[in-house]
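Shown here: protein.tsv, TSV, C-alpha atoms and all ligand atoms.
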```tsv
chain	number	residue	atom	x	y	z
A	1	MET	CA	51.79	166.29	122.85
A	2	LYS	CA	50.04	164.73	119.84
A	3	ILE	CA	49.85	160.94	119.89
A	4	TYR	CA	49.05	158.76	116.84
A	5	LYS	CA	48.22	155.78	118.98
A	6	ASN	CA	48.97	154.08	122.27
A	7	TYR	CA	48.12	150.47	122.91
A	8	ILE	CA	49.27	147.21	124.44
A	9	SER	CA	51.10	144.98	122.00
A	10	PHE	CA	51.41	141.22	122.34
A	11	GLY	CA	53.23	140.99	119.01
A	12	GLU	CA	56.65	142.33	119.91
A	13	GLU	CA	59.68	140.03	120.14
A	14	ASN	CA	59.25	137.53	122.96
A	15	ILE	CA	62.39	138.74	124.73
A	16	LEU	CA	60.62	142.06	125.36
A	17	TRP	CA	57.62	140.86	127.30
A	18	ARG	CA	56.25	138.02	129.39
A	19	LYS	CA	52.48	138.06	129.91
A	20	ASN	CA	51.29	141.64	130.16
A	21	GLY	CA	52.62	142.79	126.80
A	22	VAL	CA	54.42	145.96	125.78
A	23	ALA	CA	52.88	149.41	126.29
A	24	VAL	CA	53.51	151.10	122.93
A	25	ILE	CA	53.38	154.86	122.40
A	26	TYR	CA	53.51	156.41	118.93
A	27	PRO	CA	53.86	160.17	119.13
A	28	ALA	CA	52.85	162.08	116.00
A	29	GLU	CA	55.63	162.74	113.47
A	30	SER	CA	57.33	159.75	114.94
A	31	CYS	CA	59.79	158.53	112.34
A	32	GLY	CA	61.08	161.14	109.90
A	33	LEU	CA	60.75	158.84	106.88
A	34	ASP	CA	58.15	158.39	104.17
A	35	CYS	CA	58.22	154.70	103.29
A	36	ILE	CA	55.91	153.91	100.39
A	37	PHE	CA	54.71	150.79	102.23
A	38	CYS	CA	53.98	152.57	105.52
A	39	SER	CA	50.80	151.40	107.18
A	40	LEU	CA	50.44	154.44	109.44
A	41	ASN	CA	47.83	156.96	108.46
A	42	LYS	CA	49.98	160.05	108.76
A	43	GLU	CA	47.06	162.32	107.96
A	44	ASN	CA	45.53	161.26	111.24
A	45	PRO	CA	45.91	164.35	113.41
A	46	GLY	CA	46.22	162.18	116.51
A	47	TYR	CA	45.01	163.14	119.95
A	48	ASP	CA	46.43	165.14	122.81
A	49	MET	CA	47.92	163.45	125.84
A	50	THR	CA	50.13	165.00	128.46
A	51	SER	CA	53.20	163.23	129.77
A	52	GLY	CA	51.33	162.75	133.08
A	53	GLU	CA	48.40	161.06	131.32
A	54	LEU	CA	50.75	158.78	129.41
A	55	ALA	CA	52.57	157.82	132.60
A	56	GLU	CA	49.25	157.07	134.28
A	57	TRP	CA	48.15	154.91	131.35
A	58	ILE	CA	51.41	152.95	131.42
A	59	LEU	CA	51.08	152.28	135.14
A	60	GLU	CA	47.49	151.09	134.72
A	61	THR	CA	48.47	148.59	132.01
A	62	HIS	CA	51.04	146.77	134.20
A	63	ALA	CA	52.89	146.15	130.94
A	64	ASP	CA	56.15	144.23	131.04
A	65	SER	CA	57.99	146.97	129.18
A	66	VAL	CA	57.33	150.31	127.51
A	67	GLU	CA	58.13	151.15	123.91
A	68	TRP	CA	58.49	154.75	122.79
A	69	CYS	CA	58.36	154.95	119.00
A	70	GLY	CA	60.40	157.59	117.25
A	71	THR	CA	62.61	160.42	118.32
A	72	PRO	CA	60.57	163.62	118.35
A	73	HIS	CA	59.61	165.14	121.69
A	74	PRO	CA	62.57	163.71	123.62
A	75	GLU	CA	61.84	166.00	126.55
A	76	GLU	CA	58.26	164.59	126.76
A	77	ALA	CA	59.61	161.06	126.57
A	78	TYR	CA	62.02	161.79	129.40
A	79	LYS	CA	59.20	163.22	131.55
A	80	VAL	CA	57.15	160.05	131.02
A	81	VAL	CA	60.09	157.79	131.85
A	82	THR	CA	60.88	159.76	134.99
A	83	ALA	CA	57.26	159.75	136.18
A	84	VAL	CA	56.80	156.01	135.60
A	85	ARG	CA	60.12	155.06	137.17
A	86	LYS	CA	58.95	156.44	140.51
A	87	TYR	CA	56.47	153.56	140.67
A	88	MET	CA	57.78	150.71	138.55
A	89	ASN	CA	61.05	149.56	137.18
A	90	LYS	CA	60.36	148.20	133.70
A	91	PRO	CA	62.60	148.39	130.67
A	92	PHE	CA	62.01	151.44	128.49
A	93	ILE	CA	62.56	150.76	124.80
A	94	LEU	CA	63.36	153.38	122.19
A	95	LYS	CA	62.14	152.13	118.82
A	96	THR	CA	63.32	154.19	115.88
A	97	ALA	CA	63.76	154.06	112.12
A	98	GLY	CA	67.50	153.84	112.77
A	99	ILE	CA	68.45	157.33	111.62
A	100	ASP	CA	68.76	159.20	114.90
A	101	SER	CA	71.39	161.89	114.97
A	102	PRO	CA	74.46	161.30	117.14
A	103	GLU	CA	73.56	164.48	119.08
A	104	TYR	CA	70.17	163.06	119.96
A	105	LEU	CA	71.62	159.71	120.92
A	106	LYS	CA	74.27	161.27	123.12
A	107	ASN	CA	71.69	163.36	124.97
A	108	GLY	CA	69.73	160.99	127.05
A	109	ILE	CA	69.20	157.63	125.45
A	110	ASP	CA	71.59	155.96	127.87
A	111	GLU	CA	70.08	157.69	130.84
A	112	PHE	CA	66.41	157.24	129.98
A	113	PHE	CA	66.14	154.18	127.77
A	114	ASP	CA	67.34	150.67	128.52
A	115	ILE	CA	66.86	149.10	125.12
A	116	TYR	CA	67.54	150.56	121.72
A	117	LEU	CA	65.39	149.03	118.99
A	118	PRO	CA	66.47	150.46	115.64
A	119	ASP	CA	65.38	149.41	112.18
A	120	ILE	CA	67.97	148.66	109.55
A	121	LYS	CA	65.88	149.14	106.46
A	122	PHE	CA	67.93	149.70	103.35
A	123	ALA	CA	71.50	149.01	102.38
A	124	ASP	CA	72.00	151.23	99.36
A	125	LYS	CA	71.06	154.69	98.19
A	126	SER	CA	68.90	153.78	95.24
A	127	THR	CA	66.78	151.29	97.20
A	128	ALA	CA	66.39	153.83	100.00
A	129	GLU	CA	65.45	156.57	97.57
A	130	ARG	CA	62.94	154.30	95.85
A	131	LEU	CA	61.31	152.96	99.01
A	132	CYS	CA	61.52	155.74	101.59
A	133	GLY	CA	62.43	158.85	99.63
A	134	ASP	CA	65.71	159.38	101.50
A	135	ALA	CA	68.81	158.28	99.61
A	136	ASP	CA	70.90	159.09	102.68
A	137	TYR	CA	69.12	156.51	104.82
A	138	PRO	CA	72.00	153.97	104.69
A	139	VAL	CA	74.59	156.56	105.75
A	140	LYS	CA	72.38	157.96	108.52
A	141	CYS	CA	71.60	154.47	109.79
A	142	HIS	CA	75.26	153.49	109.80
A	143	THR	CA	76.13	156.67	111.72
A	144	ALA	CA	73.41	156.08	114.33
A	145	LEU	CA	74.36	152.44	114.87
A	146	THR	CA	78.04	153.30	115.13
A	147	GLU	CA	77.19	155.85	117.81
A	148	ILE	CA	75.11	153.29	119.68
A	149	SER	CA	77.81	150.64	119.43
A	150	GLU	CA	80.18	153.04	121.17
A	151	MET	CA	77.70	153.84	123.96
A	152	ASN	CA	75.61	150.84	124.81
A	153	SER	CA	77.89	147.88	125.37
A	154	GLU	CA	75.96	145.97	128.01
A	155	THR	CA	73.37	143.31	127.29
A	156	ILE	CA	71.40	142.16	130.32
A	157	TYR	CA	68.76	139.46	130.48
A	158	GLU	CA	66.61	138.58	133.49
A	159	ASN	CA	64.57	135.37	133.24
A	160	ARG	CA	65.03	135.43	129.45
A	161	ILE	CA	63.65	138.97	129.18
A	162	LEU	CA	65.93	141.62	127.73
A	163	LYS	CA	66.50	144.34	130.32
A	164	LYS	CA	69.25	146.26	128.58
A	165	GLY	CA	70.84	146.12	125.17
A	166	VAL	CA	70.32	146.54	121.46
A	167	LEU	CA	67.87	144.62	119.31
A	168	CYS	CA	67.99	145.51	115.61
A	169	ARG	CA	65.09	144.87	113.27
A	170	HIS	CA	65.13	144.37	109.55
A	171	LEU	CA	61.75	144.07	107.89
A	172	GLN	CA	62.28	141.87	104.86
A	173	LEU	CA	60.21	143.11	101.93
A	174	PRO	CA	58.77	140.82	99.26
A	175	GLY	CA	60.78	140.88	96.05
A	176	GLU	CA	63.62	142.83	97.67
A	177	LEU	CA	65.88	139.93	98.66
A	178	GLN	CA	69.06	141.61	97.45
A	179	ASN	CA	68.43	144.53	99.81
A	180	THR	CA	68.06	142.11	102.73
A	181	LEU	CA	71.26	140.26	101.81
A	182	ASP	CA	73.12	143.56	101.53
A	183	VAL	CA	71.78	144.68	104.93
A	184	LEU	CA	73.06	141.42	106.42
A	185	SER	CA	76.47	141.83	104.78
A	186	GLY	CA	76.77	145.36	106.16
A	187	TYR	CA	75.65	144.27	109.62
A	188	LYS	CA	78.23	141.50	109.59
A	189	LYS	CA	80.96	143.86	108.44
A	190	TYR	CA	80.35	146.66	110.91
A	191	PHE	CA	78.42	145.34	113.90
A	192	PHE	CA	79.14	141.62	114.08
A	193	ASN	CA	81.36	142.00	117.13
A	194	SER	CA	78.69	143.78	119.10
A	195	ASN	CA	76.58	141.65	121.42
A	196	TRP	CA	73.44	142.78	119.63
A	197	ILE	CA	70.61	140.64	118.36
A	198	LEU	CA	69.06	140.92	114.92
A	199	ASN	CA	65.48	140.08	114.03
A	200	ILE	CA	64.83	139.53	110.31
A	201	MET	CA	61.12	140.16	110.28
A	202	SER	CA	58.95	138.29	107.80
A	203	GLU	CA	55.60	139.80	108.72
A	204	TYR	CA	55.31	142.43	105.98
A	205	THR	CA	51.71	143.04	105.00
A	206	PRO	CA	50.71	145.46	102.23
A	207	PRO	CA	49.24	148.59	103.80
A	208	GLY	CA	45.49	148.96	103.61
A	209	TYR	CA	45.46	152.74	103.85
A	210	ARG	CA	46.52	154.37	100.53
A	211	LYS	CA	44.69	157.70	100.38
A	212	ASN	CA	46.79	160.38	98.63
A	213	ARG	CA	49.69	157.97	98.17
A	214	GLN	CA	51.38	156.72	95.05
A	215	PRO	CA	50.42	153.19	93.94
A	216	LEU	CA	52.56	150.46	95.41
A	217	PRO	CA	54.94	148.56	93.12
A	218	GLU	CA	53.63	145.08	92.37
A	219	ASN	CA	56.12	143.24	94.58
A	220	LEU	CA	54.94	145.17	97.66
A	221	CYS	CA	51.31	144.21	97.10
A	222	SER	CA	51.78	140.70	98.43
A	223	LEU	CA	53.10	138.92	101.50
A	224	LEU	CA	56.69	137.72	101.77
A	225	ILE	CA	57.00	134.15	100.56
A	226	GLY	CA	58.60	131.60	102.88
A	227	SER	CA	61.35	130.54	100.49
A	228	GLU	CA	62.55	134.13	100.11
A	229	HIS	CA	62.69	134.54	103.88
A	230	GLN	CA	64.51	131.23	104.22
A	231	LYS	CA	67.23	132.49	101.85
A	232	ALA	CA	67.75	135.47	104.15
A	233	LEU	CA	67.90	133.24	107.23
A	234	ASP	CA	70.35	130.88	105.50
A	235	TYR	CA	72.59	133.78	104.55
A	236	ALA	CA	72.52	135.15	108.11
A	237	LYS	CA	73.46	131.70	109.37
A	238	LEU	CA	76.31	131.53	106.91
A	239	LEU	CA	77.57	134.86	108.22
A	240	LYS	CA	77.12	133.57	111.80
A	241	ILE	CA	74.94	136.54	112.71
A	242	LYS	CA	73.20	136.21	116.06
A	243	LEU	CA	69.50	136.16	115.25
A	244	LEU	CA	66.57	136.38	117.59
B	1	LIG	S1	59.85	154.08	109.25
B	1	LIG	FE1	58.69	153.94	107.36
B	1	LIG	S2	57.22	152.29	107.75
B	1	LIG	FE2	58.01	152.91	109.74
B	1	LIG	S3	56.55	154.45	110.46
B	1	LIG	FE3	58.17	155.54	109.38
B	1	LIG	S4	57.43	155.78	107.27
B	1	LIG	FE4	56.19	154.20	108.28
```

Once you've parsed the file, please lay out its structure as structure tokens.
Amino acid sequence: MKIYKNYISFGEENILWRKNGVAVIYPAESCGLDCIFCSLNKENPGYDMTSGELAEWILETHADSVEWCGTPHPEEAYKVVTAVRKYMNKPFILKTAGIDSPEYLKNGIDEFFDIYLPDIKFADKSTAERLCGDADYPVKCHTALTEISEMNSETIYENRILKKGVLCRHLQLPGELQNTLDVLSGYKKYFFNSNWILNIMSEYTPPGYRKNRQPLPENLCSLLIGSEHQKALDYAKLLKIKLL
């Protein structure tokens, strides 16, 4: 299997790890989108690792949890989870762009992954088309989250670490406040009654790697300003959305 990168992250949400971090695995072709602000170098051919080698690496890290990014190679992911589980019982997280098909979600996520970590990126077609090239993103995301809401009802914490449940992420983009407010309105409307947690992420940084890519629009060339993020947090509070 081709891997873009595997590393230990100490930057994930603090409910996902304690002191040893999260073992993150990015298989190649991991997300199915083409966001214009993506910081991954998708021309990087990656390197080969077998499921056995990945399992061995995870065990050596003693990480507090394991994050599998993206939905390709489900059978490889399941092999890794099975191999690791023989030796340690840590939460396995499936991080995705939020557009997984219901078929994929029905076939294994409950059995192999404890935590679903989807993005909710864009609320409307034109923003999605403009920023990730897929106008259907909002519909696909809604379909995936609806499927998950029907499957994964339990939220379990142990010593303030999430062991099972759903944590949604929305990366707020500079100059795109209306999109963030619309994402929050949709989340409130459709998923408010779930016991999920939402993280409105403010850590956007313009990507450094731009080879063979179209120039970024001006608003995406800077960091998110604090006042813009505060407006999003205030709106989420108004809607009584449970934030991280
Ligand atoms: S979802 Fe978008 S930003 Fe994330 S890896 Fe895929 S293309 Fe890049």

So, with all atoms listed in the file as the atoms that count, which of A:Asn14, A:Ile120, A:Ser101, A:Lys5 lies closest to A:Trp68? A:Lys5

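Across A:Phe122, A:Tyr4, A:Tyr26, A:Tyr204, the tightest approach to A:Ser185 is made by A:Phe122 when counting all atoms listed in the file.
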
Restricting the calculation to all atoms listed in the file, which member of A:Glu13, A:Glu60, A:Glu67, A:Asp119 is positioned closest to ligand LIG 1 (chain B)? A:Asp119

Write out as an mmCIF file with C-alpha atoms, in the frame of the given file the residues lying within 8 Å of stretch 110-118 of chain A, counting all atoms listed in the file and excluding same-chain residues fewer than 5 positions away.
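File selection.cif, as written:
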```
data_model
loop_
_atom_site.group_PDB
_atom_site.id
_atom_site.type_symbol
_atom_site.label_atom_id
_atom_site.label_comp_id
_atom_site.auth_asym_id
_atom_site.auth_seq_id
_atom_site.Cartn_x
_atom_site.Cartn_y
_atom_site.Cartn_z
ATOM 1 C CA TYR A 78 62.020 161.790 129.400
ATOM 2 C CA VAL A 81 60.090 157.790 131.850
ATOM 3 C CA THR A 82 60.880 159.760 134.990
ATOM 4 C CA PRO A 91 62.600 148.390 130.670
ATOM 5 C CA PHE A 92 62.010 151.440 128.490
ATOM 6 C CA ILE A 93 62.560 150.760 124.800
ATOM 7 C CA LEU A 94 63.360 153.380 122.190
ATOM 8 C CA LYS A 95 62.140 152.130 118.820
ATOM 9 C CA THR A 96 63.320 154.190 115.880
ATOM 10 C CA ALA A 97 63.760 154.060 112.120
ATOM 11 C CA GLY A 98 67.500 153.840 112.770
ATOM 12 C CA LEU A 105 71.620 159.710 120.920
ATOM 13 C CA MET A 151 77.700 153.840 123.960
ATOM 14 C CA ASN A 152 75.610 150.840 124.810
ATOM 15 C CA LEU A 162 65.930 141.620 127.730
ATOM 16 C CA LYS A 163 66.500 144.340 130.320
ATOM 17 C CA LYS A 164 69.250 146.260 128.580
ATOM 18 C CA GLY A 165 70.840 146.120 125.170
ATOM 19 C CA VAL A 166 70.320 146.540 121.460
ATOM 20 C CA LEU A 167 67.870 144.620 119.310
ATOM 21 C CA CYS A 168 67.990 145.510 115.610
ATOM 22 C CA ARG A 169 65.090 144.870 113.270
#
```

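For ligand LIG 1 (chain B), the protein and nucleic acid residues at most 6 Å away, judged by all atoms listed in the file, amount to A:Cys31, A:Leu33, A:Asp34, A:Cys35, A:Cys38, A:Leu40, A:Ala97.
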
In the coordinate frame of the file, compute which residues have an atom within 12 Å of (63.0, 166.8, 128.1) when using all atoms listed in the file, and state them as a ChimeraX atom specification. /A:51,71-82,104,107-109,111-112

Determine, counting all atoms listed in the file, every residue of protein, DNA or RNA that lies within 7 Å of (52.6, 146.6, 127.8) in the file coordinates, then give the result as a ChimeraX atom specification. /A:8-9,20-24,61-66

Determine, counting only C-alpha atoms, which protein, DNA and RNA residues have an atom within 7 Å of an atom of A:Ile3; residues of the same chain fewer than 5 positions away are not included. Present the result as a PyMOL selection string. chain A and resi 26-28+46-49

Write out as a ChimeraX atom specification which residues come within 10 Å of stretch 170-179 of chain A when counting all atoms listed in the file, dropping same-chain ones fewer than 3 positions away. /A:37,118-124,127-128,182-185,198-206,218-226,228-229,231-232

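Taking atom CA of A:Arg160 as the reference point, atom CA of A:Arg18 is found at 9.2 Å.
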
Atom pair atom CA of A:Thr155 + atom CA of A:Leu244, distance 13.7 Å

Can you tell me which residues surround A:Lys189 at a distance of at most 12 Å, considering only C-alpha atoms, apart from same-chain residues fewer than 2 positions away, and format the answer as a PyMOL selection string? chain A and resi 142+146+182-187+191-194+239-241

Which residue is closest to A:Cys132? Choose from A:Ala83, A:Ala236, A:Ile156, A:Ile36 and count only C-alpha atoms. A:Ile36

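For the choices A:Leu16, A:Ile58, A:Ile25, A:Lys86, the atom-to-atom distance to A:Gly70 is smallest for A:Ile25 when using only C-alpha atoms.
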
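One distance worth recording is that between atom CA of A:Ile15 and atom CA of A:Ser153, which is 18.0 Å.
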
Complete stretch 184-204 of chain A with N, CA and C atoms (output as a compact mmCIF listing (two decimals), in the frame of the given file).
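Dumped to result.txt:
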```txt
# COMPACT_ATOMS: atom_id res chain seq x y z
N LEU A 184 72.38 142.42 105.59
CA LEU A 184 73.06 141.42 106.42
C LEU A 184 74.58 141.51 106.25
N SER A 185 75.03 141.71 105.02
CA SER A 185 76.47 141.83 104.78
C SER A 185 77.04 143.04 105.53
N GLY A 186 76.31 144.16 105.48
CA GLY A 186 76.77 145.36 106.16
C GLY A 186 76.77 145.17 107.67
N TYR A 187 75.75 144.52 108.17
CA TYR A 187 75.65 144.27 109.62
C TYR A 187 76.82 143.41 110.07
N LYS A 188 77.11 142.39 109.27
CA LYS A 188 78.23 141.50 109.59
C LYS A 188 79.55 142.29 109.60
N LYS A 189 79.70 143.13 108.59
CA LYS A 189 80.96 143.86 108.44
C LYS A 189 81.20 144.84 109.58
N TYR A 190 80.14 145.56 109.97
CA TYR A 190 80.35 146.66 110.91
C TYR A 190 79.94 146.36 112.35
N PHE A 191 78.96 145.48 112.54
CA PHE A 191 78.42 145.34 113.90
C PHE A 191 78.44 143.91 114.42
N PHE A 192 79.14 143.03 113.71
CA PHE A 192 79.14 141.62 114.08
C PHE A 192 79.72 141.41 115.48
N ASN A 193 80.70 142.21 115.84
CA ASN A 193 81.36 142.00 117.13
C ASN A 193 80.58 142.58 118.30
N SER A 194 79.51 143.28 117.99
CA SER A 194 78.69 143.78 119.10
C SER A 194 77.93 142.59 119.67
N ASN A 195 77.38 142.76 120.87
CA ASN A 195 76.58 141.65 121.42
C ASN A 195 75.09 141.90 121.15
N TRP A 196 74.81 142.46 120.00
CA TRP A 196 73.44 142.78 119.63
C TRP A 196 72.73 141.55 119.08
N ILE A 197 71.41 141.70 118.95
CA ILE A 197 70.61 140.64 118.36
C ILE A 197 69.90 141.24 117.15
N LEU A 198 69.75 140.44 116.12
CA LEU A 198 69.06 140.92 114.92
C LEU A 198 67.80 140.08 114.68
N ASN A 199 66.72 140.76 114.39
CA ASN A 199 65.48 140.08 114.03
C ASN A 199 65.18 140.38 112.57
N ILE A 200 65.23 139.34 111.72
CA ILE A 200 64.83 139.53 110.31
C ILE A 200 63.34 139.25 110.26
N MET A 201 62.58 140.29 110.14
CA MET A 201 61.12 140.16 110.28
C MET A 201 60.48 139.75 108.95
N SER A 202 59.57 138.81 109.03
CA SER A 202 58.95 138.29 107.80
C SER A 202 57.49 138.72 107.70
N GLU A 203 57.04 139.55 108.64
CA GLU A 203 55.60 139.80 108.72
C GLU A 203 55.09 140.98 107.90
N TYR A 204 55.80 141.33 106.83
CA TYR A 204 55.31 142.43 105.98
C TYR A 204 53.89 142.14 105.50
```
